[in-house]
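Source file: entry_26.cif; contents: mmCIF, C-alpha atoms.
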```cif
data_structure
#
loop_
_atom_site.label_atom_id
_atom_site.label_comp_id
_atom_site.auth_asym_id
_atom_site.auth_seq_id
_atom_site.Cartn_x
_atom_site.Cartn_y
_atom_site.Cartn_z
CA MET D 1 0.85 8.68 -4.01
CA LEU D 2 0.97 12.18 -5.56
CA LEU D 3 0.25 10.63 -8.93
CA ALA D 4 -2.79 8.83 -7.54
CA GLU D 5 -4.05 12.04 -5.96
CA ALA D 6 -3.61 13.91 -9.23
CA LEU D 7 -5.51 11.15 -11.03
CA MET D 8 -8.35 11.44 -8.56
CA ARG D 9 -8.48 15.18 -9.30
CA GLY D 10 -8.81 14.43 -13.02
CA ASP D 11 -5.35 15.54 -14.13
CA LEU D 12 -4.86 14.16 -17.66
CA GLY D 13 -1.09 14.64 -17.49
CA ALA D 14 -1.12 12.37 -14.45
CA PHE D 15 -3.09 9.80 -16.43
CA ASP D 16 -0.32 9.42 -19.04
CA GLU D 17 2.39 9.37 -16.40
CA PHE D 18 0.50 6.78 -14.37
CA VAL D 19 0.08 4.56 -17.44
CA GLU D 20 3.76 4.90 -18.33
CA VAL D 21 5.06 4.15 -14.83
CA PHE D 22 2.69 1.36 -13.83
CA ARG D 23 2.54 -0.36 -17.22
CA SER D 24 6.28 -0.86 -17.10
CA LYS D 25 6.21 -2.05 -13.46
CA ILE D 26 3.31 -4.46 -14.03
CA PHE D 27 4.91 -5.76 -17.24
CA HIS D 28 8.16 -6.57 -15.44
CA TYR D 29 6.39 -8.21 -12.48
CA SER D 30 4.17 -10.25 -14.84
CA LEU D 31 7.06 -11.29 -17.05
CA MET D 32 8.99 -12.56 -14.03
CA THR D 33 5.82 -14.26 -12.78
CA CYS D 34 4.28 -15.78 -15.93
CA GLY D 35 7.40 -16.13 -18.05
CA HIS D 36 5.75 -15.14 -21.33
CA ARG D 37 6.11 -11.76 -22.93
CA GLU D 38 2.66 -11.90 -24.56
CA ASP D 39 1.03 -12.78 -21.23
CA ALA D 40 2.90 -9.95 -19.51
CA GLU D 41 1.67 -7.48 -22.16
CA GLU D 42 -1.92 -8.65 -21.68
CA VAL D 43 -1.68 -8.66 -17.89
CA SER D 44 -0.37 -5.09 -17.85
CA GLN D 45 -3.20 -3.87 -20.10
CA ASP D 46 -5.92 -5.82 -18.26
CA THR D 47 -4.61 -4.60 -14.93
CA LEU D 48 -4.59 -0.95 -15.96
CA LEU D 49 -8.09 -1.25 -17.38
CA LYS D 50 -9.35 -2.70 -14.07
CA VAL D 51 -7.45 -0.01 -12.16
CA PHE D 52 -9.15 2.82 -14.06
CA GLU D 53 -12.57 1.19 -13.99
CA ASN D 54 -12.35 0.75 -10.23
CA PHE D 55 -10.22 3.72 -9.22
CA ARG D 56 -12.89 5.03 -6.85
CA GLN D 57 -12.49 1.87 -4.78
CA LEU D 58 -8.99 3.00 -3.86
CA GLN D 59 -9.72 4.39 -0.43
CA ASP D 60 -6.30 5.85 0.27
CA PRO D 61 -3.95 7.11 -2.49
CA ARG D 62 -1.00 6.02 -0.31
CA ASN D 63 -2.03 2.41 -0.97
CA VAL D 64 -1.99 2.77 -4.74
CA ARG D 65 1.04 0.54 -5.43
CA ALA D 66 -0.22 -2.30 -3.25
CA TRP D 67 -3.69 -1.99 -4.78
CA VAL D 68 -2.36 -2.07 -8.36
CA PHE D 69 -0.06 -5.02 -7.67
CA ARG D 70 -2.91 -6.94 -6.05
CA ILE D 71 -4.92 -6.55 -9.25
CA ALA D 72 -1.84 -7.55 -11.29
CA LYS D 73 -1.28 -10.62 -9.14
CA ASN D 74 -4.86 -11.75 -9.72
CA ALA D 75 -4.54 -11.09 -13.45
CA CYS D 76 -1.39 -13.25 -13.50
CA LEU D 77 -3.25 -16.04 -11.69
CA LEU D 78 -6.02 -15.92 -14.27
CA LYS D 79 -3.52 -15.96 -17.10
CA ARG D 80 -1.51 -18.88 -15.89
CA ARG D 81 -1.99 -21.05 -12.84
CA LYS D 82 1.72 -21.26 -12.33
CA SER D 83 4.91 -20.05 -13.93
CA VAL D 84 6.46 -22.05 -16.71
CA PHE D 85 9.73 -21.94 -14.79
CA ALA D 86 8.98 -22.78 -11.23
CA PRO D 87 9.16 -26.10 -9.46
CA LYS D 88 6.53 -26.88 -6.81
CA ALA D 89 8.96 -27.71 -4.01
CA GLU D 90 9.12 -25.86 -0.70
CA LEU D 91 12.48 -24.35 0.13
CA SER D 92 14.27 -25.70 3.15
CA LEU D 93 16.61 -23.41 5.07
CA GLU D 94 19.24 -26.11 5.46
CA ASP D 95 19.62 -26.38 1.68
CA PHE D 96 20.76 -22.78 1.41
CA LEU D 97 23.28 -22.43 4.17
CA PRO D 98 26.91 -22.59 3.07
CA GLN D 99 28.54 -26.02 2.86
CA LEU D 100 31.18 -26.81 5.45
CA GLU D 101 34.57 -28.18 4.40
CA GLU D 102 37.28 -29.56 6.62
CA SER D 103 40.71 -28.07 6.25
CA GLN D 104 43.67 -28.68 8.53
CA GLY D 105 41.40 -30.09 11.22
CA THR D 106 38.98 -27.16 11.28
CA LEU D 107 35.60 -26.69 9.63
CA ARG D 108 35.34 -23.78 7.23
CA MET D 109 32.36 -22.36 5.40
CA GLN D 110 32.54 -22.46 1.61
CA ILE D 111 31.74 -18.90 0.56
CA ALA D 112 32.91 -17.23 -2.62
CA ASP D 113 34.81 -13.97 -2.52
CA TRP D 114 32.09 -11.37 -3.08
CA SER D 115 34.37 -8.41 -2.43
CA MET D 116 34.96 -7.71 -6.14
CA VAL D 117 31.24 -7.72 -7.06
CA PRO D 118 30.37 -4.06 -6.37
CA ASP D 119 33.23 -2.72 -8.54
CA ASN D 120 33.32 -5.20 -11.41
CA GLN D 121 30.90 -4.26 -14.21
CA PHE D 122 31.51 -7.44 -16.22
CA LEU D 123 30.87 -9.65 -13.21
CA GLN D 124 27.78 -7.65 -12.35
CA SER D 125 26.32 -8.12 -15.82
CA GLN D 126 26.97 -11.90 -15.62
CA LEU D 127 25.40 -12.02 -12.18
CA LYS D 128 22.39 -10.02 -13.36
CA GLU D 129 21.56 -12.76 -15.86
CA ILE D 130 22.00 -15.45 -13.24
CA LEU D 131 19.91 -13.44 -10.80
CA THR D 132 17.04 -13.07 -13.30
CA THR D 133 17.04 -16.82 -14.01
CA ALA D 134 17.32 -17.65 -10.32
CA ILE D 135 14.30 -15.47 -9.47
CA ARG D 136 12.26 -17.05 -12.26
CA GLU D 137 13.17 -20.53 -11.04
CA LEU D 138 12.02 -19.90 -7.47
CA PRO D 139 8.79 -21.65 -6.48
CA GLU D 140 5.91 -19.20 -6.98
CA ILE D 141 5.20 -18.54 -3.28
CA TYR D 142 8.78 -17.38 -2.73
CA ARG D 143 9.18 -15.60 -6.06
CA SER D 144 6.10 -13.41 -5.55
CA VAL D 145 7.37 -12.26 -2.14
CA LEU D 146 10.87 -11.53 -3.42
CA LEU D 147 9.56 -9.62 -6.45
CA LEU D 148 7.28 -7.45 -4.35
CA ARG D 149 9.67 -6.87 -1.43
CA ASP D 150 13.10 -6.65 -3.02
CA VAL D 151 12.49 -5.79 -6.67
CA GLU D 152 9.45 -3.50 -6.30
CA GLU D 153 10.49 -2.48 -2.79
CA LEU D 154 7.02 -2.70 -1.30
CA SER D 155 6.77 -2.98 2.48
CA THR D 156 6.19 -6.22 4.39
CA GLU D 157 2.67 -5.00 5.20
CA GLU D 158 1.86 -4.16 1.55
CA THR D 159 3.23 -7.51 0.38
CA ALA D 160 1.18 -9.39 2.98
CA GLN D 161 -1.92 -7.49 1.87
CA ILE D 162 -1.32 -8.22 -1.83
CA LEU D 163 -0.66 -11.92 -1.30
CA ASP D 164 -3.24 -12.50 1.45
CA VAL D 165 -0.72 -13.93 3.88
CA SER D 166 0.49 -12.94 7.33
CA LEU D 167 3.49 -10.68 8.01
CA ASP D 168 5.40 -13.67 9.42
CA VAL D 169 4.80 -15.68 6.26
CA VAL D 170 6.15 -12.79 4.15
CA LYS D 171 9.27 -12.58 6.35
CA THR D 172 9.93 -16.31 6.30
CA ARG D 173 9.44 -16.66 2.55
CA LEU D 174 11.55 -13.59 1.85
CA HIS D 175 14.41 -14.91 3.95
CA ARG D 176 14.36 -18.30 2.21
CA ALA D 177 14.06 -16.71 -1.23
CA ARG D 178 17.07 -14.47 -0.53
CA LEU D 179 19.11 -17.42 0.69
CA ALA D 180 18.24 -19.43 -2.42
CA ILE D 181 19.22 -16.57 -4.71
CA ARG D 182 22.41 -15.87 -2.73
CA GLN D 183 23.40 -19.51 -3.09
CA LYS D 184 23.03 -19.47 -6.89
CA LEU D 185 25.14 -16.32 -7.15
CA ASP D 186 27.68 -17.75 -4.72
CA ARG D 187 28.04 -20.93 -6.79
CA HIS D 188 28.66 -18.86 -9.90
CA LEU D 189 31.31 -16.80 -8.12
CA LEU D 190 33.01 -19.95 -6.81
CA GLU D 191 33.08 -21.43 -10.33
CA ALA D 192 34.37 -18.16 -11.76
CA SER D 193 37.21 -18.00 -9.24
CA LYS D 194 38.11 -21.66 -9.93
CA SER D 195 38.34 -20.98 -13.68
CA LEU D 196 40.50 -17.93 -13.06
CA SER D 197 42.92 -19.89 -10.88
CA ARG D 198 43.29 -22.72 -13.43
CA MET G 199 37.85 -19.95 6.07
CA GLU G 200 40.73 -17.58 5.56
CA SER G 201 40.04 -14.19 6.97
CA ARG G 202 39.49 -11.49 4.38
CA ASP G 203 39.12 -7.80 4.93
CA THR G 204 35.45 -7.27 5.42
CA GLN G 205 33.39 -4.17 5.80
CA SER G 206 31.93 -3.41 9.16
CA THR G 207 28.37 -4.57 9.35
CA ASP G 208 25.64 -2.20 10.46
CA SER G 209 23.13 -4.03 12.64
CA GLY G 210 20.09 -2.38 11.01
CA GLU G 211 21.26 -3.49 7.57
CA THR G 212 21.92 -6.98 8.90
CA GLU G 213 18.42 -7.15 10.28
CA GLN G 214 17.04 -5.96 6.94
CA SER G 215 19.03 -8.45 4.90
CA LEU G 216 17.91 -11.29 7.15
CA GLY G 217 14.32 -10.18 6.56
CA PHE G 218 13.36 -10.50 10.22
CA THR G 219 12.54 -8.06 12.96
CA LEU G 220 14.90 -8.84 15.79
CA GLU G 221 14.78 -7.95 19.45
CA PRO G 222 17.48 -5.44 20.54
CA GLU G 223 19.25 -8.18 22.55
CA GLU G 224 19.32 -10.43 19.47
CA ILE G 225 20.77 -7.62 17.36
CA ASP G 226 23.48 -7.06 19.98
CA GLU G 227 24.19 -10.78 20.13
CA ILE G 228 24.55 -11.04 16.35
CA ALA G 229 26.70 -7.90 16.18
CA GLU G 230 28.97 -9.29 18.88
CA HIS G 231 29.27 -12.62 17.11
CA LEU G 232 30.00 -10.97 13.76
CA GLN G 233 32.88 -8.98 15.23
CA GLY G 234 34.76 -12.18 15.97
CA CYS G 235 33.58 -14.33 13.08
CA PRO G 236 34.81 -13.27 9.61
CA PRO G 237 33.03 -16.16 7.79
CA CYS G 238 29.62 -15.16 9.20
CA LEU G 239 30.40 -11.54 8.42
CA GLU G 240 31.20 -12.49 4.82
CA PHE G 241 28.00 -14.48 4.64
CA ILE G 242 25.94 -11.50 5.84
CA GLU G 243 27.76 -9.20 3.40
CA SER G 244 26.99 -11.58 0.53
CA LEU G 245 23.33 -11.62 1.58
CA LYS G 246 23.27 -7.82 1.63
CA THR G 247 24.85 -7.70 -1.84
CA THR G 248 22.19 -10.16 -3.07
CA VAL G 249 19.38 -7.96 -1.75
CA GLN G 250 20.97 -4.85 -3.27
CA MET G 251 21.30 -6.61 -6.65
CA CYS G 252 17.61 -7.53 -6.55
CA LYS G 253 16.78 -3.87 -5.90
CA ASP G 254 19.00 -2.77 -8.78
CA ILE G 255 17.88 -5.47 -11.21
CA GLY G 256 15.86 -3.12 -13.44
CA THR G 257 14.85 -4.65 -16.70
CA THR G 258 16.17 -4.65 -20.21
CA GLU G 259 12.83 -5.96 -21.41
CA ARG G 260 10.26 -3.23 -21.82
CA PRO G 261 6.64 -3.58 -22.92
CA ALA G 262 5.88 -2.79 -26.56
CA PRO G 263 4.79 0.83 -27.18
CA LEU G 264 1.18 1.33 -26.22
CA ASP G 265 -1.00 1.28 -29.33
CA PRO G 266 -3.45 4.21 -29.76
CA ALA G 267 -6.52 1.94 -29.48
CA THR G 268 -5.44 0.59 -26.09
CA HIS G 269 -4.51 4.08 -24.90
CA GLN G 270 -7.98 5.27 -25.88
CA ARG G 271 -9.60 2.30 -24.12
CA LEU G 272 -7.74 3.09 -20.91
CA LEU G 273 -8.51 6.81 -21.20
CA SER G 274 -12.22 6.08 -21.74
CA ALA G 275 -12.26 3.86 -18.64
CA TYR G 276 -10.55 6.63 -16.64
CA GLN G 277 -12.91 9.35 -17.91
CA ALA G 278 -15.93 7.13 -17.26
CA MET G 279 -14.73 6.56 -13.71
CA ARG G 280 -14.22 10.32 -13.26
CA SER G 281 -17.70 11.15 -14.55
CA GLY G 282 -19.26 8.39 -12.50
CA LYS G 283 -20.52 6.51 -15.57
CA SER G 284 -20.19 2.80 -16.09
CA PRO G 285 -17.54 1.87 -18.70
CA THR G 286 -20.33 0.55 -20.97
CA ALA G 287 -22.25 3.82 -20.80
CA ALA G 288 -19.06 5.75 -21.55
CA LYS G 289 -18.46 3.69 -24.68
CA GLN G 290 -21.98 4.56 -25.91
CA ASP G 291 -21.40 8.34 -25.54
#
```

The structure given in the file should be rewritten as structure tokens.
Amino acid sequence: MLLAEALMRGDLGAFDEFVEVFRSKIFHYSLMTCGHREDAEEVSQDTLLKVFENFRQLQDPRNVRAWVFRIAKNACLLKRRKSVFAPKAELSLEDFLPQLEESQGTLRMQIADWSMVPDNQFLQSQLKEILTTAIRELPEIYRSVLLLRDVEELSTEETAQILDVSLDVVKTRLHRARLAIRQKLDRHLLEASKSLSR
Amino acid sequence: MESRDTQSTDSGETEQSLGFTLEPEEIDEIAEHLQGCPPCLEFIESLKTTVQMCKDIGTTERPAPLDPATHQRLLSAYQAMRSGKSPTAAKQD
């Protein structure tokens, strides 16, 4: 917000900082959305150009991130109708809840042991790769919500505004996206623990 | 599922990781259930870790350095906006 205010005042130092910060953010969002580095480079440049050309339309500097990401989202849509990664399918909640297994007459949830994740650097770097792929493989409507809410840490309201959907839609899609991602990480951890115990 | 030592779960964090806004009674109900259900507690903890990992994902891939021509194009658009000129008029100056 301060950066946007400084830009409005004509601070050239703020211009360079704004370009540096937002170019990187838009590039990452576009790369995860479109899947092509060249497209992400173009989207980040096109977006910034539109941002500067239309900066006076930004009514409130506090909305700058949402406003920039809305322009980036539209630039991504123009670049590519859909990601090269994503399937079209809707995500069903039931598919992402843990499997139940019967053991000694009782039902138990199959969940990996996540307790070592926060302290294990090697595991974290493996999971980071799986996480990146899992996000890219999400259907677009879920991926865009997860990228804006959890990766860019925009609010539910900002995300709804950017994507032109209701707050409830953002919440539902975010929940399903998180469950889908959690499941992929969980499967990896289960496999990893099986290989260790062999 | 065998019980493992699990961290205590803060209800606000649980609500955040679920992605929903819950009524106070629902929060209490979930908190009460989690106290006596290690598998659900582990599930919630794994969801929280997932959300945290998304927040920490960062990126190893950075855009290429901005070439001077593009920098100039962006700066011209910014200066034109500041002076109230159209981008086309600014280019002609």

Taking a cut-off of 7 Å and counting all atoms listed in the file, can you build a table that, for each residue of chain G near chain D, reports the nearest atom pair and how far apart they are in Å (one decimal), sorted by chain then residue number, as CSV?
```
residue,atom,partner,partner_atom,distance
G:Met199,CA,D:Arg108,CA,4.7
G:Leu216,CA,D:His175,CA,6.0
G:Gly217,CA,D:His175,CA,5.4
G:Phe218,CA,D:Lys171,CA,6.0
G:Pro237,CA,D:Met109,CA,6.7
G:Ser244,CA,D:Trp114,CA,6.3
G:Leu245,CA,D:Arg182,CA,6.1
G:Thr248,CA,D:Arg182,CA,5.7
G:Val249,CA,D:Asp150,CA,6.5
G:Cys252,CA,D:Val151,CA,5.4
G:Lys253,CA,D:Val151,CA,4.8
G:Ile255,CA,D:Lys128,CA,6.8
G:Arg260,CA,D:Ser24,CA,6.6
G:Pro261,CA,D:Phe27,CA,6.3
G:Leu272,CA,D:Leu49,CA,5.6
G:Ala275,CA,D:Glu53,CA,5.4
G:Tyr276,CA,D:Phe52,CA,4.8
G:Met279,CA,D:Glu53,CA,5.8
G:Arg280,CA,D:Gly10,CA,6.8
G:Pro285,CA,D:Glu53,CA,6.9
```

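If you apply the PyMOL selection byres ((chain D and resi 62) around 9) to this structure, you end up with D:Met1, D:Leu2, D:Ala4, D:Glu5, D:Gln59, D:Asp60, D:Pro61, D:Asn63, D:Val64, D:Arg65, D:Ala66.
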
Ile242 (chain G) proximity check over G:Gln214, G:Ala267, G:Ser281, G:Glu230, using all atoms listed in the file: winner is G:Gln214

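You can rank D:Gln121, D:Ser30, D:Ser193, D:Ser155 by their closest distance to Arg143 (chain D) using only C-alpha atoms, and at the top of that list sits D:Ser30.
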
In Å and to one decimal, CA of Thr133 (chain D) is distant from CA of Ala72 (chain D) by 21.2 Å

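Going from CA of Glu158 (chain D) over to CA of Val145 (chain D), you cover 10.5 Å.
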
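CA of Thr33 (chain D) sits 17.9 Å away from CA of Ala262 (chain G).
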
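If all atoms listed in the file are the atoms counted, then among D:Arg136, D:Ile141, D:Ser195, D:Ser92 the closest residue to Asp164 (chain D) is D:Ile141.
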
Box for region 221-232 of chain G - axis-aligned, 6 Å on each of the six sides, all listed atoms - centre and size in Å to one decimal, as AutoDock Vina command-line options.
```
--center_x 22.4 --center_y -9.0 --center_z 18.2 --size_x 27.2 --size_y 19.2 --size_z 20.8
```
